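Note sheet for the following structure.
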Amino acid sequence: MTLQIPADLLPADGRFGSGPSKVPAGRLEALAATGVSLMGTSHRQQPVKDLVQRVRSGLAELFALPDGYEVVLGNGGSVAFFDLVTYALVRERSQHAVFGEFGKKFAKATKAAPWLADPVMVEAAPGALAVPSYDAGVDVYAWTHNETSTGVMAPVARPEGASADQLTIVDATSAAGGLPLDPIQADVYFFAPQKSFASDGGLWLALLSPAALARAEEIAASGRHIPSFFGLTAAIKQSRAGQTVNTPAVATLFLMAEQLDWMNAQGGLAGMVARTTASAEALYTWAEKSDYATPFVPDPAHRSLVVGTVELDPAIDKDAVRATLAANGVVDLDAYRGIGTNQLRIAMYPSVDAADVAALTACLDWVVERL
Ligand SMILES: *Cc1c(COP(=O)(O)O)cnc(C)c1O
């Protein structure tokens with residue numbers, strides 16, 4: 001028999017998945033309401049071009065994009081962008097700050113590229129933070145703004161002493177839109193729509209600095225073979241025209257554009273960071289007080305505002321807790337594969353209300369007491 005959590009304890013929306021994440025109420029209805037004016041029409045015609053430009057200008061507004069920076073997008077999602085970096089942006093050797101599974105995957109991509117020298121690695125154990133540091137022998141510094149596998153967030157700052165010819169490339173897939181950013185610190189800030197942007201997967205989007213745009217031109221002209229799927233200069237050209245190199249998912253772009261309108265109307269990035277900060281406070285304050293849960297990330301300054309990880313007392317069966325919550329509509333609290341020992345992971349992207357995070361902690365207390 002499954003425990004039934006009292007209705008007044010339950011969050012208004014029980015989706016806490018780290019990606020794909022909660023899509024706010026009304027959005028799918030808004031998509032349906034566009035009817036045949038958008039879905040099932042050519043992506044080379046004006047309505048879809050306008051939609052792509054709506055996403056590009058919405059992002060430029062959200063991030064207060066500096067002069068000369070451009071929003072570029074293409075198909076394949078963030079993991080495809082790891083490979084794109086190896087083909088289209090690294091000249092010879094990159095350095096990777098690695099402190100979790102996504103950073104590891106990114107480094108693996110450059111390591112596997114036979115045309116590049118082996119990357120330099122700066123590593124930290126899960127739960128800790130590694131940051132890039134000056135190295136005259138690299139032309140790219142790469143790191144993860146928010147390590148979705150561990151719940152550690154990193155600063156976005158150029159390593160001290162880095163030259164203008166060394167690019168900073170930041171995987172911001174789960175961070176973008178929910179963590180603070182000084183855009184001038186990143187040459188390439190890339191992400192995907194299925195986390196803070198409350199949409200679906202399959203696309204990559206990147207904010208490119210003038211130095212990154214120039215590097216893309218330089219490498220495209222170098223004679224290196226670049227498969228067209230991983231080409232960046234063509235993506236830049238198409239993006240400027242409100243297009244993508246090959247057919248994009250139109251519904252994904254629509255949902256993202258709606259989320260960007262909401263974000264920009266609610267105070268922009270500062271407004272979104274206020275929301276994620278309130279959620280994170282609710283989660284970590286509860287975990288610190290709890291006698292059976294504790295924040296997985298020891299240093300409070302490294303605890304993510306967008307993906308929280310909580311370690312439970314080994315005596316508690318986390319799978320039974322998760323199953324009970326899921327049966328009550330509170331879903332997707334799974335830890336990333338192989339991280340922690342008895343862990344729950346809670347997404348706190350801008351769409352998630354802090355009151356729902358607080359309700360989740362009350363539900364956890366109620367369930368743990370009764371299991
Ligand atoms: C989700 C995630 C990815 C993978 O994104 P895809 O679009 O599925 O390729 C990469 N990096 C980070 C930090 C993520 O959170």
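We label chains A, B, ... in the order they appear in the structure tokens, count residues from 1 in each chain, and number ligands from 1 in the order shown.
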Would you name the residues within 9 Å of ligand 1, counting only C-alpha atoms and all ligand atoms, and put them as a PDB file with N, CA, C and O atoms, in the first residue's frame?
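And here's selection-v9.pdb as it stands now:
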ATOM      1  N   SER A  18      15.833  17.459 -13.547  1.00  0.00           N
ATOM      2  CA  SER A  18      16.934  18.322 -13.985  1.00  0.00           C
ATOM      3  C   SER A  18      17.005  18.475 -15.499  1.00  0.00           C
ATOM      4  O   SER A  18      17.844  19.199 -16.010  1.00  0.00           O
ATOM      5  N   GLY A  19      16.173  17.783 -16.215  1.00  0.00           N
ATOM      6  CA  GLY A  19      16.114  17.990 -17.671  1.00  0.00           C
ATOM      7  C   GLY A  19      15.748  16.727 -18.411  1.00  0.00           C
ATOM      8  O   GLY A  19      16.344  15.700 -18.145  1.00  0.00           O
ATOM      9  N   PRO A  20      14.747  16.799 -19.305  1.00  0.00           N
ATOM     10  CA  PRO A  20      13.840  17.920 -19.499  1.00  0.00           C
ATOM     11  C   PRO A  20      13.136  18.279 -18.189  1.00  0.00           C
ATOM     12  O   PRO A  20      12.892  17.425 -17.347  1.00  0.00           O
ATOM     13  N   GLY A  76      21.357  19.478 -32.493  1.00  0.00           N
ATOM     14  CA  GLY A  76      22.222  18.478 -31.883  1.00  0.00           C
ATOM     15  C   GLY A  76      22.335  18.553 -30.374  1.00  0.00           C
ATOM     16  O   GLY A  76      22.786  17.613 -29.744  1.00  0.00           O
ATOM     17  N   GLY A  77      21.941  19.672 -29.766  1.00  0.00           N
ATOM     18  CA  GLY A  77      22.025  19.762 -28.307  1.00  0.00           C
ATOM     19  C   GLY A  77      23.456  19.991 -27.822  1.00  0.00           C
ATOM     20  O   GLY A  77      24.396  20.096 -28.603  1.00  0.00           O
ATOM     21  N   SER A  78      23.588  20.052 -26.509  1.00  0.00           N
ATOM     22  CA  SER A  78      24.874  20.445 -25.917  1.00  0.00           C
ATOM     23  C   SER A  78      25.982  19.419 -26.134  1.00  0.00           C
ATOM     24  O   SER A  78      27.141  19.785 -26.327  1.00  0.00           O
ATOM     25  N   VAL A  79      25.637  18.141 -26.080  1.00  0.00           N
ATOM     26  CA  VAL A  79      26.693  17.135 -26.252  1.00  0.00           C
ATOM     27  C   VAL A  79      27.248  17.184 -27.684  1.00  0.00           C
ATOM     28  O   VAL A  79      28.451  17.015 -27.900  1.00  0.00           O
ATOM     29  N   ALA A  80      26.399  17.468 -28.664  1.00  0.00           N
ATOM     30  CA  ALA A  80      26.901  17.658 -30.029  1.00  0.00           C
ATOM     31  C   ALA A  80      27.816  18.883 -30.084  1.00  0.00           C
ATOM     32  O   ALA A  80      28.800  18.910 -30.831  1.00  0.00           O
ATOM     33  N   PHE A  81      27.493  19.888 -29.255  1.00  0.00           N
ATOM     34  CA  PHE A  81      28.334  21.087 -29.243  1.00  0.00           C
ATOM     35  C   PHE A  81      29.730  20.786 -28.684  1.00  0.00           C
ATOM     36  O   PHE A  81      30.704  21.441 -29.071  1.00  0.00           O
ATOM     37  N   PHE A  82      29.849  19.785 -27.786  1.00  0.00           N
ATOM     38  CA  PHE A  82      31.195  19.374 -27.327  1.00  0.00           C
ATOM     39  C   PHE A  82      32.048  19.029 -28.553  1.00  0.00           C
ATOM     40  O   PHE A  82      33.199  19.448 -28.668  1.00  0.00           O
ATOM     41  N   GLU A 101      30.385  14.756 -14.188  1.00  0.00           N
ATOM     42  CA  GLU A 101      30.233  13.916 -15.382  1.00  0.00           C
ATOM     43  C   GLU A 101      30.143  14.716 -16.676  1.00  0.00           C
ATOM     44  O   GLU A 101      30.644  14.277 -17.713  1.00  0.00           O
ATOM     45  N   PHE A 102      29.488  15.884 -16.650  1.00  0.00           N
ATOM     46  CA  PHE A 102      29.354  16.632 -17.905  1.00  0.00           C
ATOM     47  C   PHE A 102      30.686  17.235 -18.325  1.00  0.00           C
ATOM     48  O   PHE A 102      31.072  17.186 -19.497  1.00  0.00           O
ATOM     49  N   GLY A 103      31.434  17.767 -17.353  1.00  0.00           N
ATOM     50  CA  GLY A 103      32.758  18.286 -17.660  1.00  0.00           C
ATOM     51  C   GLY A 103      33.680  17.192 -18.181  1.00  0.00           C
ATOM     52  O   GLY A 103      34.498  17.408 -19.076  1.00  0.00           O
ATOM     53  N   LYS A 105      32.723  14.485 -19.838  1.00  0.00           N
ATOM     54  CA  LYS A 105      32.319  14.171 -21.215  1.00  0.00           C
ATOM     55  C   LYS A 105      32.883  15.191 -22.204  1.00  0.00           C
ATOM     56  O   LYS A 105      33.296  14.831 -23.312  1.00  0.00           O
ATOM     57  N   PHE A 106      32.866  16.450 -21.818  1.00  0.00           N
ATOM     58  CA  PHE A 106      33.374  17.523 -22.673  1.00  0.00           C
ATOM     59  C   PHE A 106      34.874  17.285 -22.922  1.00  0.00           C
ATOM     60  O   PHE A 106      35.352  17.315 -24.071  1.00  0.00           O
ATOM     61  N   THR A 144      32.395  23.970 -16.882  1.00  0.00           N
ATOM     62  CA  THR A 144      30.945  23.841 -16.761  1.00  0.00           C
ATOM     63  C   THR A 144      30.458  24.871 -15.756  1.00  0.00           C
ATOM     64  O   THR A 144      31.011  24.953 -14.656  1.00  0.00           O
ATOM     65  N   HIS A 145      29.468  25.678 -16.152  1.00  0.00           N
ATOM     66  CA  HIS A 145      28.977  26.710 -15.228  1.00  0.00           C
ATOM     67  C   HIS A 145      28.233  26.069 -14.059  1.00  0.00           C
ATOM     68  O   HIS A 145      28.402  26.460 -12.923  1.00  0.00           O
ATOM     69  N   ASN A 146      27.390  25.070 -14.394  1.00  0.00           N
ATOM     70  CA  ASN A 146      26.702  24.332 -13.337  1.00  0.00           C
ATOM     71  C   ASN A 146      26.836  22.850 -13.633  1.00  0.00           C
ATOM     72  O   ASN A 146      26.363  22.387 -14.674  1.00  0.00           O
ATOM     73  N   GLU A 147      27.501  22.114 -12.741  1.00  0.00           N
ATOM     74  CA  GLU A 147      27.695  20.678 -12.961  1.00  0.00           C
ATOM     75  C   GLU A 147      26.421  19.973 -12.517  1.00  0.00           C
ATOM     76  O   GLU A 147      26.191  19.745 -11.323  1.00  0.00           O
ATOM     77  N   THR A 148      25.596  19.638 -13.489  1.00  0.00           N
ATOM     78  CA  THR A 148      24.271  19.071 -13.238  1.00  0.00           C
ATOM     79  C   THR A 148      24.351  17.716 -12.539  1.00  0.00           C
ATOM     80  O   THR A 148      23.399  17.279 -11.896  1.00  0.00           O
ATOM     81  N   SER A 149      25.494  17.046 -12.655  1.00  0.00           N
ATOM     82  CA  SER A 149      25.616  15.723 -12.038  1.00  0.00           C
ATOM     83  C   SER A 149      25.865  15.803 -10.533  1.00  0.00           C
ATOM     84  O   SER A 149      25.543  14.867  -9.810  1.00  0.00           O
ATOM     85  N   ASP A 171      30.242  25.453 -20.773  1.00  0.00           N
ATOM     86  CA  ASP A 171      29.024  24.653 -20.905  1.00  0.00           C
ATOM     87  C   ASP A 171      28.053  25.147 -19.836  1.00  0.00           C
ATOM     88  O   ASP A 171      28.234  24.881 -18.650  1.00  0.00           O
ATOM     89  N   ALA A 172      27.055  25.876 -20.299  1.00  0.00           N
ATOM     90  CA  ALA A 172      26.082  26.477 -19.375  1.00  0.00           C
ATOM     91  C   ALA A 172      24.711  25.831 -19.533  1.00  0.00           C
ATOM     92  O   ALA A 172      23.686  26.455 -19.257  1.00  0.00           O
ATOM     93  N   THR A 173      24.702  24.570 -19.936  1.00  0.00           N
ATOM     94  CA  THR A 173      23.428  23.929 -20.289  1.00  0.00           C
ATOM     95  C   THR A 173      22.377  24.062 -19.194  1.00  0.00           C
ATOM     96  O   THR A 173      21.238  24.413 -19.462  1.00  0.00           O
ATOM     97  N   SER A 174      22.762  23.779 -17.938  1.00  0.00           N
ATOM     98  CA  SER A 174      21.767  23.854 -16.864  1.00  0.00           C
ATOM     99  C   SER A 174      21.859  25.171 -16.101  1.00  0.00           C
ATOM    100  O   SER A 174      21.021  25.447 -15.249  1.00  0.00           O
ATOM    101  N   ALA A 175      22.870  25.991 -16.404  1.00  0.00           N
ATOM    102  CA  ALA A 175      23.077  27.243 -15.666  1.00  0.00           C
ATOM    103  C   ALA A 175      22.403  28.427 -16.334  1.00  0.00           C
ATOM    104  O   ALA A 175      21.881  29.321 -15.658  1.00  0.00           O
ATOM    105  N   PHE A 191      24.363  26.378 -24.395  1.00  0.00           N
ATOM    106  CA  PHE A 191      23.336  25.707 -23.593  1.00  0.00           C
ATOM    107  C   PHE A 191      22.291  25.099 -24.513  1.00  0.00           C
ATOM    108  O   PHE A 191      22.445  25.125 -25.736  1.00  0.00           O
ATOM    109  N   ALA A 192      21.246  24.542 -23.904  1.00  0.00           N
ATOM    110  CA  ALA A 192      20.191  23.861 -24.661  1.00  0.00           C
ATOM    111  C   ALA A 192      18.843  24.270 -24.059  1.00  0.00           C
ATOM    112  O   ALA A 192      18.798  24.812 -22.961  1.00  0.00           O
ATOM    113  N   PRO A 193      17.735  24.029 -24.759  1.00  0.00           N
ATOM    114  CA  PRO A 193      16.453  24.607 -24.300  1.00  0.00           C
ATOM    115  C   PRO A 193      15.737  23.850 -23.178  1.00  0.00           C
ATOM    116  O   PRO A 193      14.755  24.363 -22.657  1.00  0.00           O
ATOM    117  N   GLN A 194      16.200  22.648 -22.811  1.00  0.00           N
ATOM    118  CA  GLN A 194      15.362  21.796 -21.950  1.00  0.00           C
ATOM    119  C   GLN A 194      15.622  21.937 -20.455  1.00  0.00           C
ATOM    120  O   GLN A 194      15.150  21.132 -19.669  1.00  0.00           O
ATOM    121  N   LYS A 195      16.388  22.962 -20.049  1.00  0.00           N
ATOM    122  CA  LYS A 195      16.633  23.138 -18.612  1.00  0.00           C
ATOM    123  C   LYS A 195      15.934  24.431 -18.162  1.00  0.00           C
ATOM    124  O   LYS A 195      14.725  24.443 -18.078  1.00  0.00           O
ATOM    125  N   GLY A 201      14.423  19.206 -25.862  1.00  0.00           N
ATOM    126  CA  GLY A 201      15.836  19.072 -26.218  1.00  0.00           C
ATOM    127  C   GLY A 201      16.094  19.110 -27.714  1.00  0.00           C
ATOM    128  O   GLY A 201      15.183  19.264 -28.523  1.00  0.00           O
ATOM    129  N   GLY A 202      17.379  18.972 -28.088  1.00  0.00           N
ATOM    130  CA  GLY A 202      17.729  18.792 -29.491  1.00  0.00           C
ATOM    131  C   GLY A 202      18.421  19.958 -30.159  1.00  0.00           C
ATOM    132  O   GLY A 202      19.002  19.789 -31.238  1.00  0.00           O
ATOM    133  N   LEU A 203      18.384  21.141 -29.541  1.00  0.00           N
ATOM    134  CA  LEU A 203      19.071  22.295 -30.128  1.00  0.00           C
ATOM    135  C   LEU A 203      20.244  22.701 -29.241  1.00  0.00           C
ATOM    136  O   LEU A 203      20.220  22.475 -28.046  1.00  0.00           O
ATOM    137  N   TRP A 204      21.267  23.310 -29.830  1.00  0.00           N
ATOM    138  CA  TRP A 204      22.249  24.055 -29.035  1.00  0.00           C
ATOM    139  C   TRP A 204      22.117  25.529 -29.369  1.00  0.00           C
ATOM    140  O   TRP A 204      21.730  25.890 -30.485  1.00  0.00           O
TER     141      TRP A 204
END
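If you count only C-alpha atoms and ignore residues fewer than 3 places along the chain from Ala257 of chain A, what sits within 8 Å of it is Leu51, Arg54, Val55, Gly58, Leu253, Phe254, Leu260 and Asp261 of chain A.
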Leu181 of chain A surroundings by only C-alpha atoms, 12 Å radius, close-in-sequence under 3 positions cut, as a VMD selection string: chain A and resid 62 to 65 145 to 146 153 to 157 170 172 175 to 178 184 to 186 189 207 268 to 270 272 to 273
Quick one: write out the picked residues with C-alpha atoms as a PDB file, in the first residue's frame?
ATOM      1  CA  LEU A  62      18.164  38.379 -21.084  1.00  0.00           C
ATOM      2  CA  PHE A  63      21.972  38.355 -21.059  1.00  0.00           C
ATOM      3  CA  ALA A  64      22.413  42.079 -21.908  1.00  0.00           C
ATOM      4  CA  LEU A  65      24.672  40.898 -24.698  1.00  0.00           C
ATOM      5  CA  HIS A 145      28.977  26.710 -15.228  1.00  0.00           C
ATOM      6  CA  ASN A 146      26.702  24.332 -13.337  1.00  0.00           C
ATOM      7  CA  MET A 153      28.242  25.789  -9.555  1.00  0.00           C
ATOM      8  CA  ALA A 154      31.378  27.506 -10.835  1.00  0.00           C
ATOM      9  CA  PRO A 155      32.284  31.135 -11.374  1.00  0.00           C
ATOM     10  CA  VAL A 156      32.422  32.361 -14.986  1.00  0.00           C
ATOM     11  CA  ALA A 157      35.659  34.348 -14.997  1.00  0.00           C
ATOM     12  CA  VAL A 170      31.559  27.490 -20.899  1.00  0.00           C
ATOM     13  CA  ALA A 172      26.082  26.477 -19.375  1.00  0.00           C
ATOM     14  CA  ALA A 175      23.077  27.243 -15.666  1.00  0.00           C
ATOM     15  CA  ALA A 176      22.009  29.623 -18.407  1.00  0.00           C
ATOM     16  CA  GLY A 177      19.056  31.725 -17.324  1.00  0.00           C
ATOM     17  CA  GLY A 178      19.234  30.699 -13.660  1.00  0.00           C
ATOM     18  CA  ILE A 184      32.118  39.505 -21.176  1.00  0.00           C
ATOM     19  CA  GLN A 185      33.879  36.721 -19.234  1.00  0.00           C
ATOM     20  CA  ALA A 186      32.922  34.019 -21.749  1.00  0.00           C
ATOM     21  CA  TYR A 189      28.523  30.403 -23.495  1.00  0.00           C
ATOM     22  CA  LEU A 207      26.567  33.367 -27.173  1.00  0.00           C
ATOM     23  CA  GLY A 268      15.321  39.457 -16.705  1.00  0.00           C
ATOM     24  CA  LEU A 269      18.337  37.513 -15.484  1.00  0.00           C
ATOM     25  CA  ALA A 270      18.405  39.299 -12.103  1.00  0.00           C
ATOM     26  CA  MET A 272      15.443  34.761 -12.468  1.00  0.00           C
ATOM     27  CA  VAL A 273      18.453  34.585 -10.135  1.00  0.00           C
TER      28      VAL A 273
END
Spatial neighbours of Ala198 of chain A, max dist 9 Å, only C-alpha atoms, sep filter under 4 positions, as a PyMOL selection string: chain A and resi 19-24+193-194+255-256+259+349-351
For the strand (DSSP E or B) assignment from backbone DSSP, which residues of segment 116-221 of chain A qualify? Please present them as a short mmCIF file (atom, residue, chain, number, x, y, z; two decimals) with C-alpha atoms, in the first residue's frame.
data_model
loop_
_atom_site.label_atom_id
_atom_site.label_comp_id
_atom_site.auth_asym_id
_atom_site.auth_seq_id
_atom_site.Cartn_x
_atom_site.Cartn_y
_atom_site.Cartn_z
CA VAL A 120 45.26 19.65 -19.97
CA MET A 121 43.04 18.58 -17.07
CA VAL A 122 42.35 20.41 -13.81
CA GLU A 123 40.21 18.05 -11.74
CA VAL A 140 40.92 27.26 -25.04
CA TYR A 141 39.83 27.08 -21.38
CA ALA A 142 36.71 24.95 -20.98
CA TRP A 143 34.51 24.38 -17.96
CA THR A 144 30.94 23.84 -16.76
CA ASN A 146 26.70 24.33 -13.34
CA GLU A 147 27.70 20.68 -12.96
CA VAL A 152 28.25 22.35 -7.91
CA MET A 153 28.24 25.79 -9.56
CA LEU A 167 39.08 31.49 -25.61
CA THR A 168 36.90 30.75 -22.60
CA ILE A 169 34.24 28.17 -23.50
CA VAL A 170 31.56 27.49 -20.90
CA ASP A 171 29.02 24.65 -20.90
CA VAL A 188 31.43 30.91 -25.93
CA TYR A 189 28.52 30.40 -23.49
CA PHE A 190 26.48 27.47 -24.75
CA PHE A 191 23.34 25.71 -23.59
CA LEU A 203 19.07 22.30 -30.13
CA TRP A 204 22.25 24.06 -29.04
CA LEU A 205 22.43 27.80 -28.55
CA ALA A 206 25.60 29.79 -28.01
CA LEU A 207 26.57 33.37 -27.17
CA LEU A 208 29.73 34.04 -29.21
#
Residue contacts of Arg322 of chain A (12 Å, only C-alpha atoms) excluding same-chain residues fewer than 2 positions away, as an MDAnalysis selection string: chainID A and resid 2:3 16 312 316:320 324:335 342:346 360 363:364 367:368 371
Saved selection, atoms kept: N, CA and C atoms, as a tab-separated table (two decimals), in the first residue's frame:
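See again33.tsv below for the written result:
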chain	number	residue	atom	x	y	z
A	2	THR	N	0.57	2.18	-0.90
A	2	THR	CA	1.37	3.39	-0.99
A	2	THR	C	0.83	4.46	-0.05
A	3	LEU	N	1.74	5.12	0.64
A	3	LEU	CA	1.35	6.24	1.51
A	3	LEU	C	0.74	7.36	0.67
A	16	PHE	N	10.35	18.14	-10.52
A	16	PHE	CA	11.64	18.66	-10.07
A	16	PHE	C	12.80	18.05	-10.85
A	312	LEU	N	21.07	11.58	1.91
A	312	LEU	CA	20.22	11.09	3.00
A	312	LEU	C	21.00	10.14	3.90
A	316	ILE	N	18.11	5.33	5.48
A	316	ILE	CA	16.87	5.61	4.73
A	316	ILE	C	16.97	5.02	3.33
A	317	ASP	N	15.90	4.34	2.93
A	317	ASP	CA	15.84	3.74	1.59
A	317	ASP	C	15.39	4.82	0.60
A	318	LYS	N	16.35	5.41	-0.12
A	318	LYS	CA	16.01	6.54	-0.98
A	318	LYS	C	15.08	6.13	-2.12
A	319	ASP	N	15.19	4.87	-2.56
A	319	ASP	CA	14.32	4.43	-3.65
A	319	ASP	C	12.86	4.33	-3.19
A	320	ALA	N	12.69	3.93	-1.92
A	320	ALA	CA	11.32	3.87	-1.38
A	320	ALA	C	10.78	5.30	-1.22
A	324	THR	N	7.54	6.62	-3.31
A	324	THR	CA	6.36	7.14	-2.61
A	324	THR	C	6.02	8.54	-3.12
A	325	LEU	N	7.05	9.38	-3.26
A	325	LEU	CA	6.80	10.74	-3.76
A	325	LEU	C	6.26	10.69	-5.19
A	326	ALA	N	6.84	9.81	-6.01
A	326	ALA	CA	6.40	9.73	-7.42
A	326	ALA	C	4.94	9.30	-7.49
A	327	ALA	N	4.54	8.36	-6.60
A	327	ALA	CA	3.15	7.90	-6.59
A	327	ALA	C	2.20	9.04	-6.20
A	328	ASN	N	2.76	10.07	-5.55
A	328	ASN	CA	1.96	11.24	-5.17
A	328	ASN	C	2.17	12.42	-6.13
A	329	GLY	N	2.80	12.14	-7.27
A	329	GLY	CA	2.95	13.18	-8.30
A	329	GLY	C	4.17	14.08	-8.13
A	330	VAL	N	5.08	13.71	-7.22
A	330	VAL	CA	6.30	14.50	-7.02
A	330	VAL	C	7.44	13.69	-7.65
A	331	VAL	N	7.94	14.14	-8.80
A	331	VAL	CA	8.72	13.23	-9.65
A	331	VAL	C	10.14	13.73	-9.97
A	332	ASP	N	10.94	12.78	-10.44
A	332	ASP	CA	12.27	13.04	-11.03
A	332	ASP	C	13.29	13.57	-10.03
A	333	LEU	N	13.33	12.96	-8.84
A	333	LEU	CA	14.31	13.39	-7.83
A	333	LEU	C	15.59	12.54	-7.91
A	334	ASP	N	15.76	11.80	-8.98
A	334	ASP	CA	16.89	10.88	-9.09
A	334	ASP	C	18.23	11.60	-9.10
A	335	ALA	N	19.20	11.01	-8.40
A	335	ALA	CA	20.58	11.50	-8.47
A	335	ALA	C	21.14	11.12	-9.84
A	342	ASN	N	23.56	8.04	-1.29
A	342	ASN	CA	22.13	7.91	-0.98
A	342	ASN	C	21.50	9.28	-1.23
A	343	GLN	N	21.51	9.66	-2.52
A	343	GLN	CA	21.29	11.06	-2.86
A	343	GLN	C	19.98	11.32	-3.58
A	344	LEU	N	19.42	12.51	-3.33
A	344	LEU	CA	18.32	13.04	-4.13
A	344	LEU	C	18.82	14.31	-4.84
A	345	ARG	N	18.27	14.56	-6.01
A	345	ARG	CA	18.68	15.75	-6.78
A	345	ARG	C	17.42	16.52	-7.18
A	346	ILE	N	17.44	17.80	-6.90
A	346	ILE	CA	16.23	18.62	-7.08
A	346	ILE	C	16.55	19.81	-7.99
A	360	LEU	N	8.08	20.48	-1.09
A	360	LEU	CA	8.78	19.21	-1.31
A	360	LEU	C	9.50	18.77	-0.03
A	363	CYS	N	7.05	17.37	2.34
A	363	CYS	CA	6.63	16.03	1.91
A	363	CYS	C	7.69	14.99	2.28
A	364	LEU	N	8.96	15.34	2.09
A	364	LEU	CA	10.04	14.42	2.44
A	364	LEU	C	9.98	14.09	3.94
A	367	VAL	N	7.06	11.76	4.61
A	367	VAL	CA	7.24	10.39	4.10
A	367	VAL	C	8.30	9.65	4.93
A	368	VAL	N	9.42	10.32	5.20
A	368	VAL	CA	10.51	9.65	5.95
A	368	VAL	C	10.03	9.24	7.33
A	371	LEU	N	7.82	5.90	6.71
A	371	LEU	CA	8.28	4.70	5.97
A	371	LEU	C	8.88	3.65	6.91
Determine which residues of segment 61-305 of chain A receive a DSSP assignment of alpha helix (DSSP H), computed from the backbone, and state them as a compact mmCIF listing (two decimals) with C-alpha atoms, in the first residue's frame.
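Writing done, so here's selection-v9.txt:
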# COMPACT_ATOMS: atom_id res chain seq x y z
CA GLU A 61 17.99 40.93 -23.92
CA LEU A 62 18.16 38.38 -21.08
CA GLY A 77 22.03 19.76 -28.31
CA SER A 78 24.87 20.45 -25.92
CA VAL A 79 26.69 17.13 -26.25
CA ALA A 80 26.90 17.66 -30.03
CA PHE A 81 28.33 21.09 -29.24
CA PHE A 82 31.19 19.37 -27.33
CA ASP A 83 32.22 17.82 -30.63
CA LEU A 84 31.62 21.05 -32.50
CA VAL A 85 34.13 22.71 -30.16
CA THR A 86 36.75 20.11 -31.09
CA TYR A 87 36.18 20.63 -34.83
CA ALA A 88 35.47 24.32 -35.04
CA GLU A 101 30.23 13.92 -15.38
CA PHE A 102 29.35 16.63 -17.90
CA GLY A 103 32.76 18.29 -17.66
CA LYS A 104 34.32 14.84 -18.04
CA LYS A 105 32.32 14.17 -21.21
CA PHE A 106 33.37 17.52 -22.67
CA ALA A 107 37.06 16.76 -21.98
CA LYS A 108 36.65 13.27 -23.46
CA ALA A 109 35.53 14.82 -26.74
CA THR A 110 38.68 16.91 -27.18
CA LYS A 111 40.87 14.03 -25.98
CA ALA A 112 39.37 11.74 -28.64
CA PRO A 210 34.02 38.67 -31.40
CA ALA A 211 37.11 36.54 -30.56
CA ALA A 212 35.07 33.33 -30.89
CA LEU A 213 33.56 34.49 -34.19
CA ALA A 214 37.09 35.20 -35.45
CA ARG A 215 38.38 31.81 -34.24
CA ALA A 216 35.56 30.04 -36.11
CA GLU A 217 36.61 31.84 -39.33
CA GLU A 218 40.28 31.06 -38.74
CA ILE A 219 39.73 27.33 -38.24
CA ALA A 220 37.23 27.04 -41.11
CA THR A 233 30.69 29.40 -39.75
CA ALA A 234 27.63 28.09 -41.61
CA ALA A 235 25.62 28.13 -38.36
CA ILE A 236 26.69 31.75 -37.74
CA LYS A 237 25.62 32.75 -41.25
CA GLN A 238 22.28 30.94 -41.02
CA SER A 239 21.54 32.28 -37.53
CA ARG A 240 22.00 35.86 -38.71
CA VAL A 250 9.78 24.39 -34.41
CA ALA A 251 7.74 23.56 -31.28
CA THR A 252 10.96 23.62 -29.23
CA LEU A 253 11.77 27.10 -30.51
CA PHE A 254 8.22 28.27 -29.76
CA LEU A 255 8.27 27.02 -26.15
CA MET A 256 11.67 28.62 -25.61
CA ALA A 257 10.50 31.96 -27.04
CA GLU A 258 7.51 31.93 -24.66
CA GLN A 259 9.80 31.24 -21.69
CA LEU A 260 12.15 34.05 -22.74
CA ASP A 261 9.22 36.50 -22.90
CA TRP A 262 8.23 35.46 -19.38
CA MET A 263 11.82 35.73 -18.08
CA ASN A 264 12.35 39.17 -19.58
CA ALA A 265 9.01 40.39 -18.24
CA GLY A 268 15.32 39.46 -16.71
CA LEU A 269 18.34 37.51 -15.48
CA ALA A 270 18.41 39.30 -12.10
CA GLY A 271 14.75 38.40 -11.59
CA MET A 272 15.44 34.76 -12.47
CA VAL A 273 18.45 34.58 -10.13
CA ALA A 274 16.25 35.97 -7.34
CA ARG A 275 13.84 33.07 -7.97
CA THR A 276 16.54 30.36 -8.01
CA THR A 277 18.19 31.89 -4.93
CA ALA A 278 14.90 31.70 -3.01
CA SER A 279 14.45 28.04 -4.00
CA ALA A 280 18.04 27.18 -3.07
CA GLU A 281 17.65 28.87 0.31
CA ALA A 282 14.53 26.83 1.02
CA LEU A 283 16.31 23.57 0.12
CA TYR A 284 19.69 24.03 1.79
CA THR A 285 18.31 25.65 4.96
CA TRP A 286 16.00 22.66 5.39
CA ALA A 287 18.82 20.15 4.68
CA GLU A 288 21.14 21.80 7.19
CA LYS A 289 18.48 21.63 9.91
Minimum-distance residue to Ser304 of chain A, chosen among A:Leu129, A:Leu73, A:Ala359, A:Ala164 (using only C-alpha atoms): A:Leu129
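Proximity ranking of A:Val245, A:Leu10, A:Val36, A:Val306 relative to Gly231 of chain A places A:Val245 first, based on only C-alpha atoms.
Atom CA of Ala117 of chain A is found 17.4 Å from atom CA of Gly223 of chain A.
Note that atom CA of Glu70 of chain A and atom CA of Ser133 of chain A are 26.3 Å apart.
Among the candidate residues A:Asn75, A:Thr150, A:Gln4, A:Thr341, the one lying nearest to Phe99 of chain A is A:Thr150, with distances computed using only C-alpha atoms.
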Contacts of Gln45 of chain A at 10 Å (only C-alpha atoms; same-chain gap of 6+ positions) as a PyMOL selection string: chain A and resi 38+242-243
